[in-house]
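The structure appears below as structure tokens.
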Amino acid sequence: MSEYKKPTSTTEFEKNFKIKKPLMNQTEAFYESSRCLYCYDAPCVQACPTGIDIPLFIKQINTQNLTGSARTIFESNWLGNACGKICPTGVLCEGACVYNHQDVPPIQIGRLQNFATTHVIKNDIKLFKPGADNGKKIAIIGSGPASIACACELRVMGFAVDIYEAKAKPSGLTVYGIAAYKITNDEVVDEVAYLEKQMQLNFILNTPITTKEQLDKIENDYDAVFLGVGIGPTASLNLEGEEKDNVVGAVEFIEEVRMKQHTLAVPPKVVVIGGGNTAMDAASQAARLGADEVTLAYRRSKDRMGAYGFEYDLAISAGVDSLFEAQPVAIVGNGKATGVKFIKTKSVDGKLEYIDGSEFTVDCDLVIKATGQAKMASFLNLIDGLELDSRKRIVVNKENYQTKNPKYFAGGDAVNGGAEVVNAAYEGKVAANGIAVFLKV
Amino acid sequence: MDLSIDFAGIKSPNPFWLASAPPTNSGYQVMKAFDAGWGGAVWKTLGVPVINVSSRYGSINYRNTRMAGFNNIELITDRPLADNLREIEEVKKYFPNHAVIASLMVETKEEWIQIIKDVENAGADGIELNFGCPHGMCERGMGSAVGQEPAVLKTIVEWVMEAANIPVITKLTPNISHIVDPGLAAVQGGTDALSLINTIKSIVGIDLETYAPYPVVDGKGTNGGYCGPAVKPIAMEMIKELAQHPEIKNTPISGIGGVETWRDVVEFILLGAGSVQVCTAAMHYGFGIVREMEAGLKQFMREKGYETIYDFKGKALPNITEWKHLNLKHKVVAEIDETKCVGCDLCYIACDDGAHQAIRIPEGIGNRIPEIIDENCVGCNLCSLVCPVEECITMVKRDDGTQHVTWNEKTIAGEVPTSFDDDRAGGKGHFVPTVQDALKHRK
Ligand SMILES: Cc1cc2nc3c(=O)[nH]c(=O)nc-3n(C[C@H](O)[C@H](O)[C@H](O)COP(=O)(O)OP(=O)(O)OC[C@H]3O[C@@H](n4cnc5c(N)ncnc54)[C@H](O)[C@@H]3O)c2cc1C
Ligand SMILES: Cc1cc2nc3c(=O)[nH]c(=O)nc-3n(C[C@H](O)[C@H](O)[C@H](O)COP(=O)(O)O)c2cc1C
Ligand code: SF4
Ligand code: SF4
Ligand code: SF4
């Protein structure tokens, strides 16, 4: 049974979606930064996909060089503020902190990071500027974290950059996909606006690139192209009854949560299908929107779930019930879904088997499918020479993120199949440097 | 922005130098340091090589802060001169624009002349005379034994100046009551520059099992030399003494003692240092510590609009004066921000027991937020120093800035207290509780 009351105002929404990693105050930042040991070849740095010099930025906080600290962070990671909030730090930097070996809480690296980055964003302290025009033009498709990182890095090197985005807002899943208790819309927008202003990023919004003609023109007009298109909408389950109105994809549901906040009505009973982080986020957010009963259904056992333990715990603590070893077989209901029919499963030598005659139905008024995202294969197939692997990920050279079509570079979810913002930020940056080498600037 | 310096003719890409100590013991370390971003290194003191003891360091851990103060009983280099010279030459080949300064300590004039020639031939950019080591070497008439005898020091500086063709820095010991005496002697002897401080004679602790001081060497110990963050205030004061002295102030000063962060570097430069030297911080955290110093120094310069360190070198000196010139009419009073106060009441007890009974805790059960009694507050700062909350207690200026009277002016005007019960005493009539109030709690 969920413990949250349906929020009816922004204030109530913010209460239910209370930010998990709130901003530190100066005292806390000072104490916490004093604890850092300044480890040599620090494990936390090794665990950060963007390799931020963590002990350095923490020491800079400790010596009240907040601006310098933010510079250290952004020099490695253009999405330094978002990452501090939304990175799964427990399995990355903070998980690697040496204090864990002493059974002492690790340094709160993410929150310290935000302490520094918020300082420069809030006070609009400019740290970077575009390099002198090098005469080359780059097109970027998509405006998610991979693209923003790539664009900033390219601008520093003096490239002209145009970013084509299908949606009305830049930032990709950072603004449309991340759970609302990790980062607020304003925080995402402020960081991007902060970068946009300094780097003079040219976002061309509401402009999906979908046709061969558009691509031909882009290839003609630009010296290189970066693909930061992410992955697509929620994939189909091929389930009977899936087409019903109150059956939605998790990514789409979360996008609605972020955009509509408390005005999004969630019915009393919700079933979420899936066992990954997206399923946890969707279930948790449905509960926080006041659904009475949220059931998280996963076809295998708990230990086989793809989600991080802390994400599962978060969903459970929001009042979500879990149902393991239950495979959905149909969505039932007359016109509207009124329940999901499951069959119990068991694992035999690693293979999933159904238990005959174990079918049962869970009643619900909303079904959320969190069963992976469809890939952008049809769009990507329009690009000559681009190679996709068996899981429809764009094949790149990991040194420079160049695709098999040398004019195209790519990074982020479209390449890694769906990882974290921090991976996208890293890959976009490496690709930008790959572009510079490729174009010999 | 340009961080490079010209220190008494020694050129260096930045003002960050390693002090003569274990981090500069070998060519390997100095190369690694230059690669990490240090601009210069003062080689571990060369001379007739010594034999060191095992168990060499001790430290003061303040609460959970390790090595707030650091202590050693090491001597000068224990490696043969020829090895050191060869490595100096190699380092200079790889890093021709970085500063390699040879620290030297020998006894006789002949030895000084010989070793100076040797290090010059090896390509050293400068020489530092170690008149500072306060343990071991001084028992043999060198190190601080020289630094404590201005006349002897001057003679040796004169020998060196006669022989040397490269800039000479004289490194001073702080183990002396008046730093100007050896400083002036070195300048009169002709030194090109000064550096300070070397370590301070110290005992950092007694082992409660063996009753011997740390570091314990087979049941015995000896006084060591103290350094690290704890000695920084002493170093800063001594640098200031020299930098303000009319006959010394034109001699470049390399500041040493407790430098660990960019703030320390900026403060040393503001006091007139033309380069800084670091030992303990590099021993604690490795050469990488220089990145924080460099990034911070640059950020500071960017914010203030400085192009080189010479734009702000010595800028604090005019503001450091004698007590008698301070404005007696300046008045600050503590103010507590109750929205920040956490109710620890450390300020209350500090003021009541250790200052001027100017804080009260309003009556009422559970009330822990203290109040300042304005008329009792003398503006000593104590409460604001003990308060654990950032910017919770601030010292607020209360005078209108129109009045200015100093002790000096008052003395000239004949207005200072002269007798024991003089009515002009500053504390005359100031509130103090009655003696019996102290026992009120006994009932
Ligand atoms: C539900 C959910 C929760 C998540 N939670 C976290 C989290 O807590 N922490 C974390 O670090 N990561 C999280 N992630 C992952 C993270 O959001 C992604 O890894 C990251 O956003 C990938 O960045 P990207 O730039 O590759 O793509 P995206 O962020 O997906 O951005 C792609 C952009 O390209 C645009 N686009 C696509 N095709 C076209 C086209 N043809 N023309 C024009 N524009 C186009 C899209 O509109 C979109 O704006 C989560 C993901 C999901 C789905
Ligand atoms: C282990 C150790 C050995 C030292 N050896 C020398 C030396 O050989 N010659 C010298 O001039 N100073 C020597 N010093 C003093 C340092 O150069 C420096 O003056 C002092 O440590 C203060 O700086 P710090 O606070 O940065 O450590 C030594 C210091 C330490 C800790
Ligand atoms: S591992 Fe922990 S203690 Fe060590 S540098 Fe990183 S944050 Fe600091
Ligand atoms: S620091 Fe190195 S030399 Fe010193 S005691 Fe430890 S291992 Fe031995
Ligand atoms: S010391 Fe600071 S926090 Fe503690 S009671 Fe006084 S004002 Fe409050």
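In the structure tokens, chains take letters A, B, ... by order of appearance, with residues numbered from 1 within each chain and ligands from 1 in the order shown.
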Report as a tab-separated table: every residue of chain B with an atom at most 9 Å from ligand 5, its closest pair of atoms, and their distance in Å to one decimal, counting only C-alpha atoms and all ligand atoms, with rows sorted by chain and ascending residue number.
```
residue	atom	partner	partner_atom_place_in_ligand_line	distance
B:Glu335	CA	ligand 5	7 (S)	8.5
B:Ile336	CA	ligand 5	7 (S)	5.4
B:Asp337	CA	ligand 5	7 (S)	7.0
B:Glu338	CA	ligand 5	8 (Fe)	7.1
B:Lys340	CA	ligand 5	3 (S)	6.9
B:Cys341	CA	ligand 5	8 (Fe)	3.7
B:Val342	CA	ligand 5	3 (S)	4.3
B:Gly343	CA	ligand 5	5 (S)	3.9
B:Cys344	CA	ligand 5	4 (Fe)	3.9
B:Asp345	CA	ligand 5	5 (S)	3.5
B:Leu346	CA	ligand 5	1 (S)	4.6
B:Cys347	CA	ligand 5	1 (S)	4.1
B:Tyr348	CA	ligand 5	6 (Fe)	6.1
B:Ile349	CA	ligand 5	6 (Fe)	8.9
B:Ala350	CA	ligand 5	1 (S)	8.7
B:Ile359	CA	ligand 5	6 (Fe)	8.9
B:Ile361	CA	ligand 5	5 (S)	9.0
B:Arg368	CA	ligand 5	5 (S)	6.8
B:Ile369	CA	ligand 5	5 (S)	5.7
B:Pro370	CA	ligand 5	5 (S)	5.9
B:Glu371	CA	ligand 5	7 (S)	8.3
B:Cys383	CA	ligand 5	1 (S)	6.3
B:Ser384	CA	ligand 5	1 (S)	7.1
B:Leu385	CA	ligand 5	1 (S)	8.4
B:Val386	CA	ligand 5	1 (S)	6.1
B:Cys387	CA	ligand 5	1 (S)	3.5
B:Pro388	CA	ligand 5	2 (Fe)	5.9
B:Val389	CA	ligand 5	3 (S)	5.5
B:Glu390	CA	ligand 5	2 (Fe)	8.5
B:Glu391	CA	ligand 5	2 (Fe)	8.8
B:Cys392	CA	ligand 5	2 (Fe)	5.8
B:Ile393	CA	ligand 5	7 (S)	5.7
```
Cut-off 6 Å, only C-alpha atoms and all ligand atoms, neighbours of ligand 3 as a PyMOL selection string: chain A and resi 36-39+42-44+55+97-98+107
Environment of ligand 1 within 6 Å, counting only C-alpha atoms and all ligand atoms, reported as a ChimeraX atom specification: /A:86-87,141-147,164-167,171-174,177-178,207-210,228-231,251,278,412-414,418-422,424
Residues of chain A within 9 Å of chain B, counting only C-alpha atoms, as number ranges by chain: A: 26-27, 34-35, 37-40, 56-57, 59-60, 63-65, 67-69, 72
Distance of CA of Asp35 (chain B) from CA of Pro22 (chain B), expressed in Å to one decimal place: 17.4 Å
Environment of ligand 2 within 7 Å, counting only C-alpha atoms and all ligand atoms, reported as a PyMOL selection string: chain B and resi 19-22+44-45+57+70-72+74-77+103+130+132-133+171+196-199+227-229+231-232+256-259+277-281
